[in-house]
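Colleague: Let me begin by handing over the structure; questions about it come next.
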Amino acid sequence: MKSITHPEKTKENTRIYKPGRRDFLKLGSLAATGLVLGVNFSCKDRKKGGEVTTFTANVYLSITSEGKVIITAHRSEMGQGVRTSLPMIVADELGADWEKVEIVQAQGDEEKYGNQNTDGSFSVRMFYKPMREAGATARLLLIRAATQQWGVPEGECSTDNGKVVHKTSGKELGFGELVEAAASLAVPEIEEVPLKDPSEFKMIGKGMPIVDLQDIVTGNAVYGMDAVVPDMKIAVIQRCPVVGGTVKSVNDEAALAVDGVLQVITLKGAGIPPQLNKPLSGVAVIAENTWAAIQGKKALDIEWDLGPNAGYDSEKQQQELLESTKNKGTVRRERGDFDQALRGASKTIERTYLAPYFAHGTIEPPNALARVQEGKCEIWAPTQHPQFARNSVAEALGMDVGNVAVNVTLIGGGFGRKSKPDFIVEAALLAQKSGHPVRVQWTREDDIQHDFYHALSAQRIKAVIDKDNKVAGWNHHTTFPSIGATSNAEAIQPSDGELGLGCVDFPYDVPDIRIETHDAKAHLRIGWLRSVSNIHHAFAIGGMLDEIAEARKMDPVANALDMLGADRNITFTEEMPGGKYENYGEPIENYSWETGRLRQVIERVAKNSGWGKEMPEGYALGFTAHRSFLTYVACVVEVAVDDKNRITIPNVYYSLDCGLAVNTDRIRSQFEGGSQFAASLALNSEITVKDGQVQQDNFDTYRIVRMPQSPQKIHVDIVESDAKPTGVGEPPVPPFIPALCNAVYKATGKRIYKLPIDLKA
Amino acid sequence: MAQYTIRINGKEHQVDATPDMPLLWVLRDILGMRGTKFGCGKALCGACTVHFDGVATRSCSLPVSAVQSSEITTIEGLSENGDHPLQQAWTEHVVPQCGYCQTGQIMSAAALLRENPSPTDEEIDNAMQGNLCRCGTYNRIKAAIHTAADKK
């Protein structure tokens, strides 16, 4: 399931220790000389029958006698900068010379690294403190080693640029000269390790270039597609066009006649539900090279049993879902009595909102390389979730997890798609069946037609304005196939987790609130895409708030601030009958829902964007604020609409509060990119299904923004804060879409109730 | 299968391939030059962009049989030490996020600057619209092209 619920790690204490011999055997490329520290931040001492078992490190920090600092990156890099930002936190606290830091990518290993699922915008949130503690522990040990030589108090020493420095005497020793002595010292308890005052940071809070930059611009970076092993063959798969369908028969004569084609192998799918980690039914062509495999696939003659989804029509389902929102649904949040509010209404606004399926369209299509030999399987893959991959491969091959190794390459775009290891399991199965190391290569058509899609949705919102021009009632119906349905066919209602993504956490101080859901069956593989259900929820709520403002004859920013009411912390759960507000997996007492922080970013974005200023003909500003992944964001989008109804976006203004900002340049880049990603969803992208088959197949029919259409200037204002850091990968997406729609309305007089925006409709 | 002699980054290579095999797969699967990326296979995304006699060309849609005696430049041959003005500007602006499309972006930009040493925003839009970036680095790409143009 979606990792919006996370293991409760933050409450546990970090433990830092010197690894024993057993650990060293696993260290491999990390030099076992010098000072090596294991950092454990997720595994409790597991007690078995009163006995405490050995705990292992999640991350290793090692300093060699040459002064090189080696840090394991245990999270997956897909453009968010995590291979830079987490090691940077260690290095800053340590006082390392960044030029001498080397980063080693970790394999997928739950026991060793804890949960490595890199999504849900939570790497920095979860690992900021342990990373600092690791750096601080090493710093204290190095200082201790130096003071033993110098005979000066520890308090007079500090570290800087890879050296321990004694200020008063001017003495200094490089880390490399101290590691031997430091390694012989006892590791201090976390409680006695001082952390730096934030004013001493040299890297945290500033923009740092990403570590893979030079490799990327020279073409030397290794993505999944670039991993090779000797004698590797390429597989391309023709999957059943309908989810849940099966292969009836195959005539592979023509495929095998293609120059370079070696074998044709049928893969069995999971059926219905399709599962997150199983192949779809299909026929694989194994060939000497990618082109031959693609040609072989085209030559296959397959008879399918299309199964129960063969008649599925997405437009029809969306209309049915919309119709169902007229009915009474399952109440998921109730505050006051909405019917009471209706009775006292001076004005009622009722609107519906439709959003389509979206595909991820990562520019690197899914691919994975597997080698099976001597009862072991080794994988190289662009995976956001190496452990899920490892466990799924072990299950599919009937191997012990210990015999499966997953090497994580750079990821050429993830956005949630590459958390699902279906494509990795395909590679493993084909390597086992064919007897060759195999790379499964998805074509773009495979990717667009067989994705785990963002769910299509229908929503209906009724808002009540009373005789005092106050917003007295809010009734939100939302319905969409749940991600849960991909692994459990019984899941026909959105989960609490999905509703916690911008729906039940409606933060406005409206006395009577009722939020309802309706049944929705899944007919495709449903998955999570950058910011997940926040996309459609923010679209509907942000649009409705703009209409409420208009009905109240108020400015939209003033309306939002008024509806937000006095600053307060909200918990939601007590208003959710039998449900729970999941708060992105964090206890609400650790990360409150603070309306004051939302208010602050709204005020700032209004100021920065010149909200309220006169705009030239055809230009307009639109606004929306939205909290997601614990980060508070307000967004103003400027549009220009010409006489041919062409939309351009000259400016986007964001104000955001993500707590302490660790790598400001990567935060900015996530917001720049997040607005471009959201622009695609709002303006261009749509997956539709007829006869159970996806109608789009490449970037001509599933369109994403190109440079001329892309938002031109993106202004990112980061609130300075020392609150706990929160996510930035997903939060830019949700508020952009309604802000854009509201601006389009202001420029054209046309309200947007359906995505993608079509001004001709 | 036929044998072809093609010139890539100033060097001749003999390859055995079917005539319809796109240059992209010749580069990646036969010659092991993997800086040129696969994205769509239909010249819609630009990830596979190389220079074909100096012109930005999608190698996924260029059959090897059509290459003949033309000069092909790939990202590996754009500069000797990874220091082409565009590579430097890309570094200065920290353009990449995931980075996957960036070699194609740089190759398109390099062809543009050869034709037009100081392009306007609109000229950059026109020249770069064939290159998709799903991470959304367009703003920095544009800024980096201007920086490289200024330095030339």
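Residue numbering restarts at 1 in every chain; chains get A, B, ... in the order shown in the structure tokens, and ligands count up from 1 in that same order.
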What residues in chain A have any atom no more than 8 Å from chain B when counting only C-alpha atoms, and can you write them as a PyMOL selection string?
Modeller: chain A and resi 77-81+209-210+213-214+216-221+223+226+259+289-291+361-365+410-413+443-445+669+672-677+698-700+704-708+710+712-713
Colleague: Tyr508 in chain A: which residues within 12 Å, counting only C-alpha atoms, same-chain residues fewer than 2 positions away excluded, as a VMD selection string?
Modeller: chain A and resid 335 470 to 474 502 to 506 510 to 513 541 to 542 545 559 to 570 572 593 to 596 598 to 599 625 to 627
Colleague: Nearest to Ile602 in chain A among A:Val39, A:Ala640, A:Leu656, A:Leu322, with distances taken over only C-alpha atoms: which residue is it?
Modeller: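 Among the listed residues, the smallest separation from Ile602 in chain A belongs to A:Leu656.
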Colleague: If I take CA of Lys760 in chain A and CA of Thr648 in chain A, how far is one from the other in Å, to one decimal?
Modeller: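 Going from CA of Lys760 in chain A over to CA of Thr648 in chain A, I get 15.7 Å.
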Colleague: Just checking: using only C-alpha atoms, which residue out of B:Ala66, B:Ile6, B:Cys60, B:Val50 ends up closest to Leu31 in chain B?
Modeller: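 Distance minimum relative to Leu31 in chain B lands on B:Ile6.
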Colleague: What separation in Å, quoted to one decimal, exists between CA of Thr348 in chain A and CA of Glu516 in chain A?
Modeller: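 CA of Glu516 in chain A lies at a distance of 17.9 Å from CA of Thr348 in chain A.
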Colleague: Excluding Met131 in chain A and its own-chain neighbours fewer than 2 positions away, which residues fall within 8 Å of it when counting only C-alpha atoms? Please give them as an NGL selection string.
Modeller: :A and (86-87 or 89-90 or 127-129 or 133-135)
Colleague: Run DSSP on the backbone and tell me which residues of range 128-354 of chain A come out as strand (DSSP E); list them as a count of residues only.
Modeller: 59
Colleague: As a PyMOL selection string, please: every residue in range 405-459 of chain A that a backbone DSSP assignment puts in helix (DSSP H, G or I).
Modeller: chain A and resi 417-419+422-434+444-449
Colleague: Of the candidates A:Ala91, A:Ala485, A:Ile424, A:Ala186, which shows the shortest atom-to-atom distance to Phe201 in chain A, using only C-alpha atoms?
Modeller: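 The shortest atom-to-atom distance to Phe201 in chain A comes from A:Ala91.
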Colleague: Using only C-alpha atoms, which residues sit within 7 Å of Gln3 in chain B once same-chain residues fewer than 5 positions away are excluded, as an MDAnalysis selection string?
Modeller: chainID B and resid 14:17
Colleague: Determine, counting only C-alpha atoms, which protein, DNA and RNA residues have an atom within 12 Å of an atom of range 196-198 of chain A; residues of the same chain fewer than 4 positions away are not included. Present the result as a list in words.
Modeller: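 These residues fall inside the cut-off: Ile89, Val90, Ala91, Asp92, Glu93, Leu94, Gly95, Lys129, Arg132, Glu133, Gly135, Ala136, Thr137, Arg139, Leu140, Ser158, Thr159, Lys202, Met203, Ile204, Gly205, Lys206, Leu660, Ala661, Val662, Ser721, Asp722 and Ala723 of chain A.
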Colleague: I need the chosen residues saved as a short mmCIF file (atom, residue, chain, number, x, y, z; two decimals), in the first residue's frame, with N, CA, C and O atoms.
Modeller:
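This went into again.cif:
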data_model
loop_
_atom_site.label_atom_id
_atom_site.label_comp_id
_atom_site.auth_asym_id
_atom_site.auth_seq_id
_atom_site.Cartn_x
_atom_site.Cartn_y
_atom_site.Cartn_z
N ILE A 89 23.68 16.83 5.27
CA ILE A 89 23.34 17.06 6.68
C ILE A 89 24.41 16.43 7.57
O ILE A 89 24.90 17.06 8.52
N VAL A 90 24.82 15.21 7.25
CA VAL A 90 25.87 14.54 8.02
C VAL A 90 27.15 15.36 7.94
O VAL A 90 27.82 15.63 8.95
N ALA A 91 27.50 15.74 6.72
CA ALA A 91 28.77 16.42 6.49
C ALA A 91 28.83 17.77 7.20
O ALA A 91 29.87 18.16 7.73
N ASP A 92 27.71 18.48 7.21
CA ASP A 92 27.69 19.80 7.84
C ASP A 92 27.86 19.67 9.35
O ASP A 92 28.65 20.39 9.97
N GLU A 93 27.15 18.74 9.92
CA GLU A 93 27.25 18.55 11.37
C GLU A 93 28.66 18.07 11.74
O GLU A 93 29.22 18.46 12.76
N LEU A 94 29.25 17.27 10.88
CA LEU A 94 30.59 16.74 11.12
C LEU A 94 31.66 17.81 10.93
O LEU A 94 32.71 17.78 11.56
N GLY A 95 31.40 18.79 10.09
CA GLY A 95 32.42 19.76 9.75
C GLY A 95 33.36 19.22 8.69
O GLY A 95 34.56 19.49 8.69
N LYS A 129 17.19 14.44 11.74
CA LYS A 129 17.79 14.36 13.08
C LYS A 129 18.83 13.24 13.15
O LYS A 129 19.96 13.49 13.59
N ARG A 132 22.04 14.25 11.49
CA ARG A 132 22.82 15.22 12.28
C ARG A 132 23.53 14.49 13.43
O ARG A 132 24.68 14.76 13.72
N GLU A 133 22.81 13.58 14.07
CA GLU A 133 23.41 12.90 15.22
C GLU A 133 24.60 12.05 14.80
O GLU A 133 25.59 11.94 15.52
N GLY A 135 26.64 12.68 12.26
CA GLY A 135 27.75 13.60 12.01
C GLY A 135 28.32 14.13 13.32
O GLY A 135 29.55 14.24 13.49
N ALA A 136 27.44 14.44 14.26
CA ALA A 136 27.88 15.02 15.54
C ALA A 136 28.67 14.01 16.36
O ALA A 136 29.64 14.36 17.06
N THR A 137 28.28 12.73 16.29
CA THR A 137 29.00 11.70 17.04
C THR A 137 30.42 11.55 16.51
O THR A 137 31.39 11.49 17.27
N ARG A 139 32.08 13.76 14.94
CA ARG A 139 32.81 14.99 15.27
C ARG A 139 33.34 14.93 16.70
O ARG A 139 34.52 15.23 16.95
N LEU A 140 32.49 14.49 17.63
CA LEU A 140 32.92 14.43 19.03
C LEU A 140 34.08 13.45 19.20
O LEU A 140 35.05 13.73 19.92
N SER A 158 36.85 22.64 17.78
CA SER A 158 35.74 22.51 16.85
C SER A 158 36.25 21.84 15.58
O SER A 158 37.45 21.59 15.46
N THR A 159 35.35 21.56 14.67
CA THR A 159 35.79 21.01 13.38
C THR A 159 35.47 22.00 12.28
O THR A 159 34.52 22.76 12.38
N LYS A 202 27.06 25.44 7.64
CA LYS A 202 27.64 26.00 6.42
C LYS A 202 26.90 25.54 5.17
O LYS A 202 26.99 26.16 4.13
N MET A 203 26.25 24.39 5.26
CA MET A 203 25.56 23.87 4.08
C MET A 203 24.05 23.79 4.28
O MET A 203 23.29 24.14 3.39
N ILE A 204 23.62 23.32 5.47
CA ILE A 204 22.18 23.21 5.73
C ILE A 204 21.57 24.61 5.67
O ILE A 204 22.12 25.55 6.24
N GLY A 205 20.48 24.72 4.96
CA GLY A 205 19.82 26.02 4.83
C GLY A 205 20.31 26.80 3.63
O GLY A 205 19.86 27.90 3.36
N LYS A 206 21.26 26.20 2.89
CA LYS A 206 21.76 26.88 1.69
C LYS A 206 21.59 25.96 0.50
O LYS A 206 21.31 24.78 0.64
N LEU A 660 12.23 23.73 8.75
CA LEU A 660 13.61 24.10 8.44
C LEU A 660 13.95 23.68 7.01
O LEU A 660 13.74 22.53 6.62
N ALA A 661 14.43 24.63 6.24
CA ALA A 661 14.74 24.36 4.82
C ALA A 661 16.18 23.85 4.74
O ALA A 661 17.11 24.58 5.05
N VAL A 662 16.36 22.59 4.34
CA VAL A 662 17.70 22.01 4.37
C VAL A 662 18.51 22.40 3.14
O VAL A 662 19.54 23.04 3.25
N SER A 721 12.26 29.04 9.05
CA SER A 721 11.61 28.38 10.17
C SER A 721 12.60 27.42 10.81
O SER A 721 13.48 26.89 10.14
N ASP A 722 12.44 27.21 12.11
CA ASP A 722 13.25 26.15 12.72
C ASP A 722 12.36 24.99 13.16
O ASP A 722 12.76 24.13 13.93
N ALA A 723 11.14 24.96 12.62
CA ALA A 723 10.27 23.80 12.88
C ALA A 723 10.86 22.57 12.17
O ALA A 723 11.69 22.70 11.29
#
Colleague: Between CA of Gly271 in chain A and CA of Lys248 in chain A, what is the spacing in Å?
Modeller: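 That distance, rounded to one decimal, is 13.6 Å.
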Colleague: Near Ala257 in chain A, counting only C-alpha atoms, which residues have an atom at most 12 Å away, once you skip same-chain residues fewer than 3 positions from it, shown as a ChimeraX atom specification?
Modeller: /A:251-254,260-264,285,287,292-293,295-300
Colleague: Taking N, CA and C atoms for each residue, export the selection above as a PDB file, in the first residue's frame.
Modeller:
ATOM      1  N   ASN A 251       0.882 -17.480 -31.311  1.00  0.00           N
ATOM      2  CA  ASN A 251       1.636 -17.972 -32.455  1.00  0.00           C
ATOM      3  C   ASN A 251       2.902 -17.131 -32.532  1.00  0.00           C
ATOM      4  N   ASP A 252       4.035 -17.750 -32.212  1.00  0.00           N
ATOM      5  CA  ASP A 252       5.275 -16.972 -32.116  1.00  0.00           C
ATOM      6  C   ASP A 252       6.198 -17.180 -33.316  1.00  0.00           C
ATOM      7  N   GLU A 253       5.680 -17.810 -34.358  1.00  0.00           N
ATOM      8  CA  GLU A 253       6.514 -18.145 -35.518  1.00  0.00           C
ATOM      9  C   GLU A 253       7.178 -16.901 -36.130  1.00  0.00           C
ATOM     10  N   ALA A 254       6.345 -15.895 -36.396  1.00  0.00           N
ATOM     11  CA  ALA A 254       6.880 -14.688 -37.046  1.00  0.00           C
ATOM     12  C   ALA A 254       7.848 -13.957 -36.115  1.00  0.00           C
ATOM     13  N   GLY A 260      17.668 -11.740 -34.590  1.00  0.00           N
ATOM     14  CA  GLY A 260      18.078 -11.358 -33.237  1.00  0.00           C
ATOM     15  C   GLY A 260      17.149 -11.847 -32.136  1.00  0.00           C
ATOM     16  N   VAL A 261      15.961 -12.332 -32.509  1.00  0.00           N
ATOM     17  CA  VAL A 261      15.042 -12.836 -31.480  1.00  0.00           C
ATOM     18  C   VAL A 261      15.446 -14.254 -31.072  1.00  0.00           C
ATOM     19  N   LEU A 262      15.474 -14.504 -29.762  1.00  0.00           N
ATOM     20  CA  LEU A 262      15.955 -15.790 -29.258  1.00  0.00           C
ATOM     21  C   LEU A 262      14.834 -16.683 -28.727  1.00  0.00           C
ATOM     22  N   GLN A 263      13.953 -16.099 -27.925  1.00  0.00           N
ATOM     23  CA  GLN A 263      12.925 -16.906 -27.280  1.00  0.00           C
ATOM     24  C   GLN A 263      11.643 -16.097 -27.131  1.00  0.00           C
ATOM     25  N   VAL A 264      10.548 -16.833 -26.993  1.00  0.00           N
ATOM     26  CA  VAL A 264       9.272 -16.191 -26.657  1.00  0.00           C
ATOM     27  C   VAL A 264       8.732 -16.898 -25.414  1.00  0.00           C
ATOM     28  N   VAL A 285       9.236 -11.253 -25.562  1.00  0.00           N
ATOM     29  CA  VAL A 285      10.172 -11.614 -26.621  1.00  0.00           C
ATOM     30  C   VAL A 285      11.576 -11.312 -26.123  1.00  0.00           C
ATOM     31  N   ALA A 287      15.523 -11.076 -26.897  1.00  0.00           N
ATOM     32  CA  ALA A 287      16.333 -10.895 -28.102  1.00  0.00           C
ATOM     33  C   ALA A 287      17.727 -10.415 -27.747  1.00  0.00           C
ATOM     34  N   ALA A 292      15.522  -5.603 -31.881  1.00  0.00           N
ATOM     35  CA  ALA A 292      15.022  -6.922 -32.295  1.00  0.00           C
ATOM     36  C   ALA A 292      13.857  -7.334 -31.397  1.00  0.00           C
ATOM     37  N   ALA A 293      13.969  -7.043 -30.109  1.00  0.00           N
ATOM     38  CA  ALA A 293      12.887  -7.410 -29.186  1.00  0.00           C
ATOM     39  C   ALA A 293      11.610  -6.637 -29.508  1.00  0.00           C
ATOM     40  N   GLN A 295      10.772  -5.402 -32.462  1.00  0.00           N
ATOM     41  CA  GLN A 295      10.242  -5.930 -33.718  1.00  0.00           C
ATOM     42  C   GLN A 295       9.577  -7.290 -33.487  1.00  0.00           C
ATOM     43  N   GLY A 296      10.201  -8.081 -32.631  1.00  0.00           N
ATOM     44  CA  GLY A 296       9.630  -9.390 -32.313  1.00  0.00           C
ATOM     45  C   GLY A 296       8.265  -9.258 -31.658  1.00  0.00           C
ATOM     46  N   LYS A 297       8.154  -8.295 -30.768  1.00  0.00           N
ATOM     47  CA  LYS A 297       6.863  -8.066 -30.101  1.00  0.00           C
ATOM     48  C   LYS A 297       5.780  -7.720 -31.124  1.00  0.00           C
ATOM     49  N   LYS A 298       6.142  -6.883 -32.084  1.00  0.00           N
ATOM     50  CA  LYS A 298       5.153  -6.487 -33.100  1.00  0.00           C
ATOM     51  C   LYS A 298       4.704  -7.691 -33.938  1.00  0.00           C
ATOM     52  N   ALA A 299       5.596  -8.668 -34.053  1.00  0.00           N
ATOM     53  CA  ALA A 299       5.295  -9.823 -34.912  1.00  0.00           C
ATOM     54  C   ALA A 299       4.497 -10.908 -34.184  1.00  0.00           C
ATOM     55  N   LEU A 300       4.287 -10.731 -32.880  1.00  0.00           N
ATOM     56  CA  LEU A 300       3.546 -11.743 -32.124  1.00  0.00           C
ATOM     57  C   LEU A 300       2.087 -11.796 -32.572  1.00  0.00           C
TER      58      LEU A 300
END
Colleague: Taking 4 positions as the minimum chain separation for residues in the same chain, which residues sit within 8 Å of Arg751 in chain A when counting only C-alpha atoms? Answer as a PyMOL selection string.
Modeller: chain A and resi 741-742+744-745
